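Undergrad: Just dropping this structure here.
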Amino acid sequence: MDFGLTEEQELLQDTLRSFVAGESPVSKLREICDSESGYDPKVWEDLLELGIGGLIVPEEYGGVEMEILDLALVSEILGEGSVPVPFLGHSMAVAAILYAGSEEQKQKWLPVLASGEMLGSIAYAESTDEGEIWEASQATTQLSDGKLNGTKRFVPHGQFADLVVVSVSGGGLAVVEIASAGAKLEPADSLDRSRPLSSIVFEGTPAQELPNADAAVVARIRDIGLVLLAADSFGAAWQLTRMTIEYAKERKQFGTPLAQFQGVKHQISNMATDLDPTRALWWYAAHALDHIADESEKNCALAKAHITERSMEVARSAFELHGGIGYTWECDLQYWFKRAMFNRVFLGTPSEHRARYADLAGW
Amino acid sequence: MDFGLTEEQELLQDTLRSFVAGESPVSKLREICDSESGYDPKVWEDLLELGIGGLIVPEEYGGVEMEILDLALVSEILGEGSVPVPFLGHSMAVAAILYAGSEEQKQKWLPVLASGEMLGSIAYAESTDEGEIWEASQATTQLSDGKLNGTKRFVPHGQFADLVVVSVSGGGLAVVEIASAGAKLEPADSLDRSRPLSSIVFEGTPAQELPNADAAVVARIRDIGLVLLAADSFGAAWQLTRMTIEYAKERKQFGTPLAQFQGVKHQISNMATDLDPTRALWWYAAHALDHIADESEKNCALAKAHITERSMEVARSAFELHGGIGYTWECDLQYWFKRAMFNRVFLGTPSEHRARYADLAGW
Amino acid sequence: MDLKLGKEHEAFREEVIEFLKGWPLSGEETKLPQVEQDQIFRNQAIEKGYVYRDIPTKYGGSEQPHDVIKDTIIQDEFRKVGAPGNIFSIGAAMVAPTLLECAREELCDRFVESAIRGEVNWCQGYSEPNAGSDLASLQTRAELDGDEWVINGQKAWTSMAAEADYMFGLFRTEPDAPKHKGISYLLIDMKAPGITIRPVKQINGGLEFNEVFFDNVRTPVGMMVSERGKGWQVSRATLKHERNLIGDPNMLRNTYLALVELAKKTIRNGRPAIQDPRVRDRLAEIEGYVTTQEYSGLRQLSAAAKGEELKVMLPMMMNKLYSTDTAMMLTRLSQDIIGGDGLIAPNDAETAMAREVQHTPGRWVYEYTAAIAHSIAGGASNIQRNIIGERALGLPRDLRLE
Amino acid sequence: MDLKLGKEHEAFREEVIEFLKGWPLSGEETKLPQVEQDQIFRNQAIEKGYVYRDIPTKYGGSEQPHDVIKDTIIQDEFRKVGAPGNIFSIGAAMVAPTLLECAREELCDRFVESAIRGEVNWCQGYSEPNAGSDLASLQTRAELDGDEWVINGQKAWTSMAAEADYMFGLFRTEPDAPKHKGISYLLIDMKAPGITIRPVKQINGGLEFNEVFFDNVRTPVGMMVSERGKGWQVSRATLKHERNLIGDPNMLRNTYLALVELAKKTIRNGRPAIQDPRVRDRLAEIEGYVTTQEYSGLRQLSAAAKGEELKVMLPMMMNKLYSTDTAMMLTRLSQDIIGGDGLIAPNDAETAMAREVQHTPGRWVYEYTAAIAHSIAGGASNIQRNIIGERALGLPRDLRLE
């Protein structure tokens, strides 16, 4: 038994971390975000070369056949760097086709998604009469005769995607190649500019159903999203903590470094204590998706709810300790704060996942 | 307009505060509580002489005809001193007879309650199939043909009471003179030993209905209880804060007074900030009972929920800052901590009153 | 305790209500630009003694005896009908009272009236990049050259700098004096050569603050308020007014009411969010804080009216920290209610801090991020905790290296 | 990451399960007193190498190679069937390993075996009334008189002092040395003349702690562990073991499961409390903390098994603070569920900390007040925050007057 990372996994993270430090430093992040594109194609291409596009895709479909835990480990590093690449939507689209697609569909799309020739994303959210929905089982978008009708919101990096996996009425999934006629795409002004969002209106848009999208598979795809969000928030919140530590050590007030005031020191210790142990929570959730089917749904709900919530508290403390400077656009804190806000809300709020957890626990 | 106390009210509090300091110091409190009686008849008699027994009773019935705000101001001081006297139950019993009693009943009981010849209390709580109940409207105790049948719990100072106001099925109130045959009284091992509790089993116990106990009157009587609990908790929590301040100034660690560690100082500031402004909340709730009928029910619910909850957090910080010593029976903290625990639960938990508040707000 | 107004005050309220029937204007006047309509009505109100009550008549005020209750009645009733009363500008709320308290008559003559009328706009120059909560560390210098001060350095967190005609601020004039004692209070023409203004964009897109750079900016010696080295004392007078501005409990109440509306209007899981027991519980919990803050404010006001500020020093010192925490709790719940809409940035209207803030999800994203900023404006929370601990609760001061 | 046990360990688990079929004992042996039955079985377990694995055979251990996974398997399986394994006493958990690490062989020979067998009971003498978290300030003195140390002073917070045969503790032997360096680690016979034990009643009625007074109490020079002035170092070895004891994640999980049961069984407002959305929300929130603590513990265990403690220093340092806060949250919810029953004091059974804690409301009153105490045992929370900040996060040390 080993509750820890393998040497390969540690190497993967180290490699990525160095890559991000070199190729996606905050100066570049700022540039990308100010341009409002929220997408660094060069960095994404380099990441694709490292195999990020098809990390969990079997070798026969052109992937590197790693585990969901590996995917989550990548997500942590991307969160840590607030890297502006379409990893989240792409990974979920890949998972959808991998687990829910027919053999033919897999052969058609997995290799081009793995290589990055096509960029994938997912379209789950809708505004319905029942309120906002994220769960595929509640989708109202209609698929009939191979045509899609309905409106989706919050499609990550939707404006750059070639292929979008769409949840449809009845709880299934469908794939749209976005070049198809009849999909009206509207970029939104996203708060987290490292992961811009679009709305898509489907009006008779040609789409293919994914035939194996039964409830368990659809849940699994969502759960992968949840654990990626949790890992991303963990990375982002640690980055906020580190930035706060650095700032508190350097910045002086009344002739003393901030970090030497016990009040400040204790706040920083509380931030780290709230956060650091949760590493084991998302590791376990990801591992459960790989190996312990019974445990995965509950643990993914818990990891998403707990970690994305705690990360916001970490962010709040980071701001308090930075004082006014943290509130400015010029301060780097904002990128990670907004990243954490995105992670907290995307695919449903913590309180929704806690309610789901309670049901899953059989209470 | 004057949102503040009158000179008379300030004088009342000052007088009581000096009296408590002189006649009910913590050494005596400890003695009373260790004896498990939880009742200091000498102090109670002296308080009766100050008019505490019939503070809100009109002069024609032998009272001093003051307001509910005055009653609450007394409650604050008794909480501050954790004074072991039957003020809570007695005051609620007086209010019940005053507002819900017939002229004859008022003439019979108010003078002897005001003078203290008779000690009053209230019996509201029951364990029912629906769970624990405090609201009179949910009572299952039966009153028919002037006989009472049922079991009540948590009657404050019940073992010393001469007269108990009992909530009965249908939402009304009845009065039992406890010397009557058929009331089996069982003292409980109360956590807060300054306000011991009893269970009472009524088996055909003679009782008189209070004829004017309509829903509004019954609510008013409960609301008086709520505001007394809030004020008591406020007093108790300030006492805990003061004790913590004193301790932190005196106690040294690493050669420095605890209070000089910024971490400690900030915790103490947070305690006081959580607590002190709420003084205006219970003042207002009490004042509303006296003068602004529309506002009273909501504000009493809010004051009870908010202040008794915050007081527990104050207590928690007091313990953390005292370290191990605070956890011992010998440390005085325990009396105020248990007082606060009592106030938080008696007449219903904060979350119950928040739910009631939400209903009252018309949400 | 008597929350009823006395007969005199009830009569006063009736009088105010009667007067306010004249708003909005009618007839030909309605064709005038809104600003002019406002000014016409405001002048009538000054004549009645309802506006600028603590400003001498010679400066365009109505010079009324101090009466906090009347102030409150006027404020309430004016707000109800949206009538133009006191201008809420930095100049009217902070500069005018400070000058009246500390400056020579000449400066009052020159600046008070235009400030309260909003004809001349002011901005504040206290904070610097390396002196946020610690004003004693200010570095921007003013050196005497003949009958002018020559200023070099930089101010930060200056609101409305671009719109301002003048700045009031603290500058180091006595480099050799101990920290506090080397600072003076100067007024500066914002059109003077050498001033550069750079807006600072906030993380929620707002543009409330600026940096102001000084490169040999000159201001006459007569523009000093009080004396050399007394800037610290003057600033405390101003700061008092700023703190009052920030601790406004109505702001919190309004935000809370808007949150309740949001919970009523937003459908989640097939029903209004406000029907969710968890939302109800949290709303009621927040109501406990908001109401506390409100009544505590009323108590402070009453005490002030009686000149008994000392009795309410403790809650007064806590206002800032208390409302900061409450605002955080409140806007945090808003994020749970708006859900996915929290993924979208506030738009220009939402970031413009308009009088009528939009009831949009974006407004709540703006408020949430602003709540985080609240822990900063007017002194960081840890400084507040120190002040409460040391000045109000009598705890010893921090250990210092100095 | 591989949470499956390898083949070797799976086989080992089978072996343990097979062995445990021998528990409870059968036949004639069941007529023996429980203590003897326990000892018979424990001896068999020692022979198999399942118990006292890190204790040399010469002291009655089974002297097995270090293998945390096997330790965990044994602990799990023994717990499942309630079989007697390692004795969880201060002597077995703290004294034995400390002696083995720091003491001369003579002392090991004398004390280790009886400690692990629970034949000789130990208590700890660290804290003093004026030295809680700050052990360097210890004042209880030991002065050399011939070949004996003569001890005067007082210890506080000593668990099980009345039941103990010996105390291990820290005493000031070098009054002129700097604070840390003047302390030595001594063993004392609790039956020695001059010792007075006074139980300290807790606020929840429990009697876990004692004060121990020393009036010219004598202990031979040979009872010193390590050398004069090295007590501080020895105590860190012991403390390490104590911290492990306190940070036990299973304790938290068990309490949590009991809380869920409480919420299922308790009827409130006509339905089980667990059906209340607010209770569900809070339970799920607490589950987030409990699970985190549990998996984080597993991670720390794995790292320790590989000798990679350095990788998990950070979460290890946080265990105490984390579980303290979680216990607080958890027991706070219990008070909302039990409602009015929280007005009643815990009874003797509930305060006795029996192995099978009663599932009564009083148990939760006991736990709630105990949760408050948790912020104290093993170092106050603020000290923990300092340790995390300074040792783990690299923040500068506090300013000190010294």
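All residue names refer to the structure tokens as shown: chains lettered A, B, ... in order, residues numbered from 1 in each chain, ligands numbered from 1 in order.
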Looking only at the backbone, which of the residues in stretch 81-236 of chain C does DSSP tag as helix (DSSP H, G or I), as a PyMOL selection string?
TA: chain C and resi 81+90-102+105-116+135-137+179-182+221-223+231-236
Undergrad: Would you list the contacts of stretch 215-231 of chain B as a PyMOL selection string, taking every protein, DNA or RNA residue within 8 Å and counting only C-alpha atoms, but skipping same-chain residues closer than 3 positions in sequence?
TA: chain B and resi 68+71-73+75-76+79+88+92+95-96+99-100+136+171-173+212+234-235+279+282+285-286+289+296-297+300-301+303-304+307-308+343-344+346-347
Undergrad: Could you pull the residues within 9 Å of stretch 48-63 of chain D, counting only C-alpha atoms, minus those fewer than 4 positions along the same chain, as a PDB file with N, CA and C atoms, in the first residue's frame?
TA:
```
ATOM      1  N   VAL D  16      -3.130 -12.893   9.627  1.00  0.00           N
ATOM      2  CA  VAL D  16      -3.608 -12.270  10.862  1.00  0.00           C
ATOM      3  C   VAL D  16      -5.052 -12.674  11.141  1.00  0.00           C
ATOM      4  N   PHE D  19      -5.190 -16.081  12.420  1.00  0.00           N
ATOM      5  CA  PHE D  19      -4.756 -16.104  13.826  1.00  0.00           C
ATOM      6  C   PHE D  19      -5.861 -15.607  14.752  1.00  0.00           C
ATOM      7  N   ARG D  42      -2.499 -12.244  24.247  1.00  0.00           N
ATOM      8  CA  ARG D  42      -1.471 -11.286  23.859  1.00  0.00           C
ATOM      9  C   ARG D  42      -0.115 -12.000  23.730  1.00  0.00           C
ATOM     10  N   ASN D  43       0.129 -12.922  24.631  1.00  0.00           N
ATOM     11  CA  ASN D  43       1.387 -13.660  24.548  1.00  0.00           C
ATOM     12  C   ASN D  43       1.483 -14.451  23.254  1.00  0.00           C
ATOM     13  N   GLN D  44       0.346 -15.042  22.871  1.00  0.00           N
ATOM     14  CA  GLN D  44       0.344 -15.769  21.591  1.00  0.00           C
ATOM     15  C   GLN D  44       0.652 -14.802  20.437  1.00  0.00           C
ATOM     16  N   LYS D  70       2.120  -3.315   7.807  1.00  0.00           N
ATOM     17  CA  LYS D  70       1.768  -4.452   8.671  1.00  0.00           C
ATOM     18  C   LYS D  70       1.191  -3.950   9.991  1.00  0.00           C
ATOM     19  N   ASP D  71       1.797  -2.909  10.530  1.00  0.00           N
ATOM     20  CA  ASP D  71       1.254  -2.333  11.770  1.00  0.00           C
ATOM     21  C   ASP D  71      -0.224  -1.988  11.595  1.00  0.00           C
ATOM     22  N   ILE D  74      -2.501  -5.055  11.291  1.00  0.00           N
ATOM     23  CA  ILE D  74      -2.694  -5.668  12.607  1.00  0.00           C
ATOM     24  C   ILE D  74      -3.692  -4.853  13.421  1.00  0.00           C
ATOM     25  N   GLY D  85      -4.360  -6.364  21.813  1.00  0.00           N
ATOM     26  CA  GLY D  85      -3.074  -6.252  21.117  1.00  0.00           C
ATOM     27  C   GLY D  85      -2.121  -5.435  21.963  1.00  0.00           C
ATOM     28  N   ASN D  86      -1.447  -4.465  21.332  1.00  0.00           N
ATOM     29  CA  ASN D  86      -0.614  -3.545  22.099  1.00  0.00           C
ATOM     30  C   ASN D  86      -1.472  -2.871  23.167  1.00  0.00           C
ATOM     31  N   ILE D  87      -0.912  -2.761  24.352  1.00  0.00           N
ATOM     32  CA  ILE D  87      -1.626  -2.012  25.371  1.00  0.00           C
ATOM     33  C   ILE D  87      -1.464  -0.523  25.088  1.00  0.00           C
ATOM     34  N   ALA D  92       3.377   2.099  27.650  1.00  0.00           N
ATOM     35  CA  ALA D  92       3.693   1.360  26.432  1.00  0.00           C
ATOM     36  C   ALA D  92       3.932   2.296  25.258  1.00  0.00           C
ATOM     37  N   ALA D  96       8.233   3.380  26.984  1.00  0.00           N
ATOM     38  CA  ALA D  96       9.069   2.332  26.399  1.00  0.00           C
ATOM     39  C   ALA D  96       9.881   2.855  25.213  1.00  0.00           C
ATOM     40  N   PRO D  97       9.242   3.456  24.214  1.00  0.00           N
ATOM     41  CA  PRO D  97      10.054   3.956  23.097  1.00  0.00           C
ATOM     42  C   PRO D  97      11.084   5.013  23.507  1.00  0.00           C
ATOM     43  N   LEU D 100      13.984   3.234  25.154  1.00  0.00           N
ATOM     44  CA  LEU D 100      14.767   2.513  24.146  1.00  0.00           C
ATOM     45  C   LEU D 100      15.611   3.481  23.329  1.00  0.00           C
ATOM     46  N   CYS D 108      16.397   0.390  30.676  1.00  0.00           N
ATOM     47  CA  CYS D 108      15.558  -0.367  29.748  1.00  0.00           C
ATOM     48  C   CYS D 108      15.252  -1.728  30.338  1.00  0.00           C
ATOM     49  N   ASP D 109      16.293  -2.368  30.832  1.00  0.00           N
ATOM     50  CA  ASP D 109      16.116  -3.701  31.421  1.00  0.00           C
ATOM     51  C   ASP D 109      15.072  -3.659  32.524  1.00  0.00           C
ATOM     52  N   PHE D 111      12.634  -1.323  33.074  1.00  0.00           N
ATOM     53  CA  PHE D 111      11.293  -0.741  32.910  1.00  0.00           C
ATOM     54  C   PHE D 111      10.545  -1.084  31.620  1.00  0.00           C
ATOM     55  N   VAL D 112      11.233  -1.432  30.562  1.00  0.00           N
ATOM     56  CA  VAL D 112      10.523  -1.536  29.284  1.00  0.00           C
ATOM     57  C   VAL D 112       9.481  -2.654  29.307  1.00  0.00           C
ATOM     58  N   GLU D 113       9.904  -3.832  29.738  1.00  0.00           N
ATOM     59  CA  GLU D 113       8.990  -4.973  29.637  1.00  0.00           C
ATOM     60  C   GLU D 113       7.718  -4.751  30.461  1.00  0.00           C
ATOM     61  N   SER D 114       7.899  -4.310  31.685  1.00  0.00           N
ATOM     62  CA  SER D 114       6.719  -4.132  32.537  1.00  0.00           C
ATOM     63  C   SER D 114       5.818  -3.028  32.002  1.00  0.00           C
ATOM     64  N   ILE D 116       5.322  -2.232  28.723  1.00  0.00           N
ATOM     65  CA  ILE D 116       4.519  -2.672  27.579  1.00  0.00           C
ATOM     66  C   ILE D 116       3.495  -3.711  27.995  1.00  0.00           C
ATOM     67  N   ARG D 117       3.784  -4.434  29.047  1.00  0.00           N
ATOM     68  CA  ARG D 117       2.810  -5.425  29.503  1.00  0.00           C
ATOM     69  C   ARG D 117       1.710  -4.793  30.350  1.00  0.00           C
TER      70      ARG D 117
END
```
Undergrad: Can you list, as a PyMOL selection string, every protein, DNA or RNA residue that comes within 12 Å of A:Ala237 when you count only C-alpha atoms, leaving out same-chain residues fewer than 6 positions away?
TA: chain A and resi 76-82+229-231+243-244+271-276+278-279+307-319+333-341+343-344
Undergrad: Would you mind exporting C-alpha atoms of the selected residues as an mmCIF file, in the first residue's frame?
TA:
```cif
data_model
loop_
_atom_site.group_PDB
_atom_site.id
_atom_site.type_symbol
_atom_site.label_atom_id
_atom_site.label_comp_id
_atom_site.auth_asym_id
_atom_site.auth_seq_id
_atom_site.Cartn_x
_atom_site.Cartn_y
_atom_site.Cartn_z
ATOM 1 C CA GLU A 76 -3.019 21.177 -9.739
ATOM 2 C CA ILE A 77 -0.012 22.575 -11.564
ATOM 3 C CA LEU A 78 -2.166 24.453 -14.049
ATOM 4 C CA GLY A 79 -4.098 25.950 -11.144
ATOM 5 C CA GLU A 80 -0.856 26.817 -9.399
ATOM 6 C CA GLY A 81 0.200 28.740 -12.491
ATOM 7 C CA SER A 82 -3.306 29.896 -13.448
ATOM 8 C CA LEU A 229 -11.662 21.629 -10.284
ATOM 9 C CA ALA A 230 -10.693 20.595 -6.762
ATOM 10 C CA ALA A 231 -7.079 20.020 -7.772
ATOM 11 C CA MET A 243 2.425 34.841 -2.489
ATOM 12 C CA THR A 244 1.138 35.941 0.892
ATOM 13 C CA MET A 271 -4.517 29.481 5.763
ATOM 14 C CA ALA A 272 -2.001 26.708 5.270
ATOM 15 C CA THR A 273 -3.665 24.435 7.816
ATOM 16 C CA ASP A 274 -7.027 24.873 6.177
ATOM 17 C CA LEU A 275 -5.530 23.947 2.851
ATOM 18 C CA ASP A 276 -2.556 21.666 2.900
ATOM 19 C CA THR A 278 -6.793 18.548 1.679
ATOM 20 C CA ARG A 279 -4.188 17.406 -0.810
ATOM 21 C CA ILE A 307 -11.576 22.245 -1.372
ATOM 22 C CA THR A 308 -13.144 24.874 -3.582
ATOM 23 C CA GLU A 309 -14.839 26.335 -0.505
ATOM 24 C CA ARG A 310 -11.730 26.371 1.653
ATOM 25 C CA SER A 311 -9.771 27.899 -1.210
ATOM 26 C CA MET A 312 -12.033 30.930 -1.166
ATOM 27 C CA GLU A 313 -11.304 31.413 2.514
ATOM 28 C CA VAL A 314 -7.617 31.165 1.763
ATOM 29 C CA ALA A 315 -8.096 33.809 -0.915
ATOM 30 C CA ARG A 316 -9.954 36.036 1.510
ATOM 31 C CA SER A 317 -7.060 35.860 3.970
ATOM 32 C CA ALA A 318 -4.571 36.504 1.189
ATOM 33 C CA PHE A 319 -6.371 39.749 0.403
ATOM 34 C CA LEU A 333 -3.428 37.872 -6.575
ATOM 35 C CA GLN A 334 -6.466 38.491 -8.775
ATOM 36 C CA TYR A 335 -5.668 35.726 -11.234
ATOM 37 C CA TRP A 336 -5.656 33.016 -8.613
ATOM 38 C CA PHE A 337 -8.579 34.485 -6.749
ATOM 39 C CA LYS A 338 -10.704 34.439 -9.886
ATOM 40 C CA ARG A 339 -9.445 31.002 -10.747
ATOM 41 C CA ALA A 340 -10.668 29.855 -7.334
ATOM 42 C CA MET A 341 -14.019 31.600 -7.843
ATOM 43 C CA ASN A 343 -13.617 26.418 -9.626
ATOM 44 C CA ARG A 344 -16.041 26.952 -6.786
#
```
Undergrad: Pull the strand (DSSP E) assignments for stretch 100-157 of chain B out of DSSP run on the backbone, and list those residues as a PyMOL selection string.
TA: chain B and resi 120-123+126-128+131-133+142-144+147-156
Undergrad: Keeping only N, CA and C atoms, write the selected residues to a file as a CSV table (one decimal), in the first residue's frame.
TA:
```
chain,number,residue,atom,x,y,z
B,120,GLY,N,-42.3,31.6,41.6
B,120,GLY,CA,-42.9,31.1,40.4
B,120,GLY,C,-41.9,30.4,39.5
B,121,SER,N,-42.4,29.6,38.6
B,121,SER,CA,-41.6,29.1,37.5
B,121,SER,C,-42.4,28.7,36.4
B,122,ILE,N,-41.8,28.3,35.3
B,122,ILE,CA,-42.6,27.9,34.1
B,122,ILE,C,-42.2,26.5,33.7
B,123,ALA,N,-43.2,25.7,33.2
B,123,ALA,CA,-43.0,24.3,32.7
B,123,ALA,C,-43.5,24.3,31.3
B,126,GLU,N,-41.3,19.6,26.7
B,126,GLU,CA,-41.8,18.2,26.7
B,126,GLU,C,-40.9,17.4,25.7
B,127,SER,N,-40.9,16.1,26.0
B,127,SER,CA,-40.4,15.1,25.0
B,127,SER,C,-41.6,14.5,24.4
B,128,THR,N,-41.8,14.8,23.1
B,128,THR,CA,-43.0,14.2,22.4
B,128,THR,C,-42.5,13.3,21.3
B,131,GLY,N,-40.5,14.9,18.8
B,131,GLY,CA,-39.2,15.4,19.3
B,131,GLY,C,-39.5,16.4,20.5
B,132,GLU,N,-38.4,17.0,20.9
B,132,GLU,CA,-38.5,18.0,22.0
B,132,GLU,C,-39.3,19.2,21.6
B,133,ILE,N,-40.1,19.7,22.4
B,133,ILE,CA,-40.9,20.9,22.1
B,133,ILE,C,-40.7,21.9,23.2
B,142,GLN,N,-52.3,17.6,29.0
B,142,GLN,CA,-53.8,17.8,29.0
B,142,GLN,C,-54.3,18.5,30.2
B,143,LEU,N,-55.1,19.5,29.9
B,143,LEU,CA,-55.9,20.1,31.0
B,143,LEU,C,-57.3,19.8,30.8
B,144,SER,N,-58.0,19.1,31.7
B,144,SER,CA,-59.4,19.0,31.6
B,144,SER,C,-60.0,18.8,32.9
B,147,LYS,N,-57.9,19.4,35.9
B,147,LYS,CA,-56.9,18.5,36.2
B,147,LYS,C,-55.8,18.4,35.1
B,148,LEU,N,-54.6,18.3,35.5
B,148,LEU,CA,-53.5,18.3,34.6
B,148,LEU,C,-52.9,17.0,34.5
B,149,ASN,N,-52.6,16.5,33.2
B,149,ASN,CA,-51.9,15.2,33.0
B,149,ASN,C,-50.8,15.4,32.0
B,150,GLY,N,-49.6,15.0,32.3
B,150,GLY,CA,-48.5,15.1,31.4
B,150,GLY,C,-47.2,15.2,32.1
B,151,THR,N,-46.1,15.3,31.3
B,151,THR,CA,-44.8,15.4,31.9
B,151,THR,C,-44.1,16.6,31.3
B,152,LYS,N,-43.5,17.4,32.2
B,152,LYS,CA,-42.7,18.5,31.7
B,152,LYS,C,-41.3,18.4,32.1
B,153,ARG,N,-40.4,18.9,31.3
B,153,ARG,CA,-39.0,18.8,31.6
B,153,ARG,C,-38.4,20.2,31.8
B,154,PHE,N,-37.2,20.3,32.4
B,154,PHE,CA,-36.5,21.5,32.4
B,154,PHE,C,-37.2,22.7,33.0
B,155,VAL,N,-37.8,22.5,34.2
B,155,VAL,CA,-38.5,23.6,34.9
B,155,VAL,C,-37.4,24.3,35.8
B,156,PRO,N,-37.1,25.5,35.5
B,156,PRO,CA,-36.0,26.2,36.2
B,156,PRO,C,-36.3,26.4,37.7
```
Undergrad: Dump as a PyMOL selection string the residues of chain C that approach chain D to within 7 Å, counting only C-alpha atoms.
TA: chain C and resi 277-278+399
